[in-house]
Amino acid sequence: MKDIIVIKCGGSMISSLSDDFYKSIKTIKDRGFHPVIVHGGGPAIDQMLEELEIKSEFNNGLRKTTSEVMDVVEMVLSGSMTNKLVRNLEKHQLPALGMTGFDGSLLKAKAKDFENLGFVGEITEVNSDFLFNIISMGVIPVISPLAAGIDGASCYNINADTAAGSIAVALKASKLLFVTDVPGVLKEKNLIENATVPDILNLIDDGTITGGMVPKVMAAIDSLDGGMSNVMIVSGKNSLLNGEKLIGTTIYKELEAAY
Ligand SMILES: Nc1ncnc2c1ncn2[C@@H]1O[C@H](COP(=O)(O)OP(=O)(O)O)[C@@H](O)[C@H]1O
Ligand SMILES: CC(=O)N[C@@H](CCC(=O)OP(=O)(O)O)C(=O)O
């Protein structure tokens with residue numbers, strides 16, 4: 001299927017995505033693209049864990065997921081996070097269907113490093129046909145990054161940036177957008193509009209890119225390695241579009257592609 005655009009909505013933005021953001025999704029769809037949404041929910045998971053007095057820690061940007069933490073992750077990601085997006089899409093005349101990676105065996109995973117990270121998963125399979133069928137009905141899939149183990153029994157917590165990258169590669173999407181709470185990759189408060197993979201690695205090394213931006217750019221790099229050619233980090237605070245153009249940071253594999 002041509003012109004699929006995978007849009008990852010960060011948990012930092014889900015509750016405050018602007019009306020203009022949803023209108024721009026409508027414009028993108030009207031222009032013939034098929035949006036597929038993958039969402040996060042880190043801040044809402046943090047809040048629920050805190051309310052329940054369950055401790056959680058991060059290891060290289062990934063939440064160490066004990067079975068107690070997994071129950072909360074599953075509840076938050078597949079509950080209010082998905083529902084907020086679906087409700088708002090429907091409000092903007094965009095038919096949408098919320099699902100986890102369990103539905104239709106969409107995502108299969110194995111433990112990434114059980115000893116240190118518990119039930120954090122690494123995606124091993126994406127059921128692309130399941131998504132193609134939904135997309136062909138004109139419906140936007142809204143996916144929470146939970147996956148079943150190969151045995152079908154265990155449940156894994158996948159970083160939403162990583163899940164979006166794997167889904168974009170599997171669907172051979174023409175674009176992958178990471179929607180977050182900043183306009184893109186910033187250096188000294190200025191937006192970097194174009195960056196190659198070596199530029200990004202240097203920005204991590206010199207401490208310009210830190211925290212939640214690290215899994216995002218790493219997922220961008222993995223998806224470029226997986227064959228994607230167009231990966232961007234953009235803000236959800238306003239419209240994604242400035243006329244014909246998407247606004248944000250575009251990451252390219254190498255210099256020739258950038259200019
Ligand atoms: N160089 C950078 N440019 C922009 N944001 C950065 C940079 N380095 C770190 N960040 C942080 O990354 C955050 C976005 O990641 P994250 O909080 O995980 O968002 P999301 O929930 O949308 O995935 C920004 O709000 C910012 O605090
Ligand atoms: C393994 C892992 O860290 N999973 C993430 C899943 C949610 C996520 O990625 O949400 P954001 O996109 O808002 O960061 C977590 O538990 O927070």
# chains A, B, ... in the order shown; residues from 1 in each chain; ligands from 1
>>> select_by_dssp(residues="range 173-246 of chain A", states="alpha helix (DSSP H)", output="JSON, numbers by chain")
{"A": [197, 198, 199, 200, 201, 202, 203, 204, 205, 213, 214, 215, 216, 217, 218, 219, 220, 221, 222, 223, 224, 225]}
>>> residues_around(residues="Ala109 in chain A", least_positions_apart="3", cutoff="8 Å", atoms="only C-alpha atoms", output="ChimeraX atom specification")
/A:121-125,147-150,156
>>> closest_residue(among="A:Met137, A:Glu53, A:His39, A:Lys187", to="Asp206 in chain A", atoms="only C-alpha atoms")
A:Lys187
>>> residues_near_ligand(ligand="ligand 2", cutoff="9 Å", atoms="only C-alpha atoms and all ligand atoms", output="VMD selection string")
chain A and resid 8 to 14 38 to 46 58 to 59 61 to 65 69 to 70 73 77 117 119 to 121 144 to 146 156 to 163 180 212 215 to 216
>>> write_last_selection(atoms="C-alpha atoms", output="compact mmCIF listing (two decimals), in the first residue's frame")
# COMPACT_ATOMS: atom_id res chain seq x y z
CA LYS A 8 4.14 8.60 16.89
CA CYS A 9 2.37 10.74 19.52
CA GLY A 10 4.47 11.14 22.65
CA GLY A 11 2.89 10.84 26.08
CA SER A 12 4.24 14.35 26.74
CA MET A 13 1.63 15.71 24.30
CA ILE A 14 -1.39 13.37 24.15
CA VAL A 38 1.44 4.82 17.57
CA HIS A 39 1.31 6.44 21.00
CA GLY A 40 3.30 6.62 24.20
CA GLY A 41 2.20 7.54 27.71
CA GLY A 42 5.34 7.81 29.85
CA PRO A 43 4.17 10.75 32.05
CA ALA A 44 0.71 9.16 32.71
CA ILE A 45 2.40 5.86 33.67
CA ASP A 46 4.74 7.77 36.03
CA PHE A 58 14.80 3.88 33.97
CA ASN A 59 17.78 2.16 32.46
CA GLY A 61 15.68 5.55 28.70
CA LEU A 62 13.76 2.26 29.18
CA ARG A 63 11.46 1.64 32.14
CA LYS A 64 12.49 -1.40 34.17
CA THR A 65 9.22 -3.35 34.04
CA VAL A 69 4.80 -2.24 36.89
CA MET A 70 3.59 -4.12 33.77
CA VAL A 73 1.72 0.13 32.03
CA LEU A 77 -1.38 2.63 27.69
CA LEU A 117 14.82 -4.62 32.35
CA PHE A 119 9.25 -7.25 30.78
CA VAL A 120 10.68 -4.70 28.35
CA GLY A 121 10.24 -6.17 24.89
CA SER A 144 -0.47 1.25 22.10
CA PRO A 145 3.04 -0.24 22.32
CA LEU A 146 2.26 -3.50 24.11
CA TYR A 156 5.88 -6.89 27.01
CA ASN A 157 6.27 -3.13 27.42
CA ILE A 158 7.82 -1.58 24.30
CA ASN A 159 9.22 1.95 24.14
CA ALA A 160 6.74 3.79 21.92
CA ASP A 161 9.44 5.41 19.74
CA THR A 162 10.96 1.98 19.05
CA ALA A 163 7.52 0.47 18.31
CA THR A 180 6.52 15.58 20.80
CA GLY A 212 13.58 11.25 26.10
CA PRO A 215 15.22 6.85 22.22
CA LYS A 216 13.52 9.03 19.58
>>> closest_residue(among="A:Met232, A:Ser136, A:Glu51, A:Gly101", to="Lys245 in chain A", atoms="only C-alpha atoms")
A:Met232
>>> select_by_dssp(residues="range 31-183 of chain A", states="strand (DSSP E or B)", output="VMD selection string")
chain A and resid 34 to 39 58 to 59 62 to 63 65 96 to 100 107 to 111 118 120 to 126 140 to 144 146 to 149 155 to 157 175 to 180
>>> closest_residue(among="A:Ser229, A:Ser166, A:Asn202, A:Ser239", to="ligand 1", atoms="only C-alpha atoms and all ligand atoms")
A:Asn202
>>> residues_around(residues="Ile200 in chain A", least_positions_apart="4", cutoff="10 Å", atoms="only C-alpha atoms", output="VMD selection string")
chain A and resid 185 194 to 196 204 to 206 208 to 209 214 217 to 218 221 251 to 252
>>> write_last_selection(atoms="N, CA and C atoms", output="mmCIF file, in the first residue's frame")
data_model
loop_
_atom_site.group_PDB
_atom_site.id
_atom_site.type_symbol
_atom_site.label_atom_id
_atom_site.label_comp_id
_atom_site.auth_asym_id
_atom_site.auth_seq_id
_atom_site.Cartn_x
_atom_site.Cartn_y
_atom_site.Cartn_z
ATOM 1 N N VAL A 185 14.767 18.687 17.136
ATOM 2 C CA VAL A 185 16.023 18.646 17.892
ATOM 3 C C VAL A 185 16.524 20.091 18.019
ATOM 4 N N ASN A 194 17.785 20.128 9.558
ATOM 5 C CA ASN A 194 18.273 18.932 8.866
ATOM 6 C C ASN A 194 19.467 18.382 9.617
ATOM 7 N N ALA A 195 19.499 17.066 9.795
ATOM 8 C CA ALA A 195 20.658 16.454 10.451
ATOM 9 C C ALA A 195 20.888 15.077 9.850
ATOM 10 N N THR A 196 22.159 14.727 9.680
ATOM 11 C CA THR A 196 22.483 13.381 9.212
ATOM 12 C C THR A 196 22.697 12.497 10.443
ATOM 13 N N ILE A 204 24.540 13.575 20.482
ATOM 14 C CA ILE A 204 24.374 12.750 21.702
ATOM 15 C C ILE A 204 25.690 12.790 22.484
ATOM 16 N N ASP A 205 26.793 12.617 21.740
ATOM 17 C CA ASP A 205 28.123 12.595 22.391
ATOM 18 C C ASP A 205 28.414 13.891 23.134
ATOM 19 N N ASP A 206 28.030 15.047 22.526
ATOM 20 C CA ASP A 206 28.390 16.311 23.186
ATOM 21 C C ASP A 206 27.336 16.762 24.207
ATOM 22 N N THR A 208 24.129 17.409 23.777
ATOM 23 C CA THR A 208 23.028 18.278 23.311
ATOM 24 C C THR A 208 21.715 17.492 23.326
ATOM 25 N N ILE A 209 21.774 16.233 22.892
ATOM 26 C CA ILE A 209 20.567 15.382 22.897
ATOM 27 C C ILE A 209 20.636 14.489 24.128
ATOM 28 N N VAL A 214 16.713 10.827 23.285
ATOM 29 C CA VAL A 214 17.657 9.781 22.858
ATOM 30 C C VAL A 214 16.924 8.588 22.209
ATOM 31 N N VAL A 217 15.689 9.646 18.649
ATOM 32 C CA VAL A 217 16.650 9.717 17.535
ATOM 33 C C VAL A 217 17.232 8.329 17.240
ATOM 34 N N MET A 218 17.352 7.486 18.285
ATOM 35 C CA MET A 218 17.870 6.132 18.022
ATOM 36 C C MET A 218 16.857 5.329 17.188
ATOM 37 N N ILE A 221 17.185 6.494 13.687
ATOM 38 C CA ILE A 221 18.365 5.917 13.017
ATOM 39 C C ILE A 221 18.081 4.460 12.624
ATOM 40 N N ILE A 251 15.772 13.895 9.779
ATOM 41 C CA ILE A 251 17.035 13.155 9.935
ATOM 42 C C ILE A 251 17.262 12.310 8.683
ATOM 43 N N TYR A 252 18.438 12.455 8.112
ATOM 44 C CA TYR A 252 18.809 11.725 6.901
ATOM 45 C C TYR A 252 19.945 10.771 7.223
#
>>> residues_around(residues="Gly226 in chain A", least_positions_apart="5", cutoff="10 Å", atoms="only C-alpha atoms", output="list in words")
Gly165, Ser166, Ala168, Val169, Ala170, Lys172, Ala220 and Ile221 of chain A
>>> write_last_selection(atoms="N, CA and C atoms", output="short mmCIF file (atom, residue, chain, number, x, y, z; two decimals), in the first residue's frame")
data_model
loop_
_atom_site.label_atom_id
_atom_site.label_comp_id
_atom_site.auth_asym_id
_atom_site.auth_seq_id
_atom_site.Cartn_x
_atom_site.Cartn_y
_atom_site.Cartn_z
N GLY A 165 8.99 2.99 15.07
CA GLY A 165 10.04 2.74 14.06
C GLY A 165 9.85 1.37 13.43
N SER A 166 9.62 0.34 14.25
CA SER A 166 9.46 -1.03 13.72
C SER A 166 8.22 -1.13 12.84
N ALA A 168 6.76 1.36 11.18
CA ALA A 168 6.98 2.12 9.93
C ALA A 168 7.80 1.29 8.94
N VAL A 169 8.82 0.63 9.45
CA VAL A 169 9.68 -0.18 8.55
C VAL A 169 8.86 -1.34 7.99
N ALA A 170 8.08 -2.03 8.86
CA ALA A 170 7.30 -3.19 8.41
C ALA A 170 6.26 -2.80 7.36
N LYS A 172 6.56 -0.36 5.31
CA LYS A 172 7.26 0.38 4.24
C LYS A 172 6.62 1.77 4.08
N ALA A 220 14.80 6.69 15.14
CA ALA A 220 14.89 7.29 13.80
C ALA A 220 16.05 6.65 13.02
N ILE A 221 17.18 6.49 13.69
CA ILE A 221 18.37 5.92 13.02
C ILE A 221 18.08 4.46 12.62
#
>>> atom_distance(atom1="CA of Pro35 in chain A", atom2="CA of Asn190 in chain A")
28.8 Å
>>> residues_around(residues="Asn88 in chain A", least_positions_apart="6", cutoff="12 Å", atoms="only C-alpha atoms", output="list of chain:residue names")
A:Ile14, A:Ser15, A:Ser16, A:Leu17, A:Ser18, A:Asp19, A:Asp20, A:Phe21, A:Tyr22, A:Lys23, A:Ile25, A:Lys26, A:Met81, A:Thr82, A:Leu94, A:Pro95, A:Ala96, A:Leu97, A:Gly98, A:Val142
>>> closest_residue(among="A:Lys189, A:Lys55, A:Lys112, A:Arg87", to="ligand 1", atoms="only C-alpha atoms and all ligand atoms")
A:Lys189
>>> residues_around(residues="Glu193 in chain A", least_positions_apart="6", cutoff="8 Å", atoms="only C-alpha atoms", output="count of residues only")
5
>>> closest_residue(among="A:Val197, A:Val36, A:Val231, A:Leu241", to="Glu254 in chain A", atoms="only C-alpha atoms")
A:Val197
>>> closest_residue(among="A:Lys29, A:Lys175, A:Lys237, A:His92", to="ligand 1", atoms="only C-alpha atoms and all ligand atoms")
A:Lys237
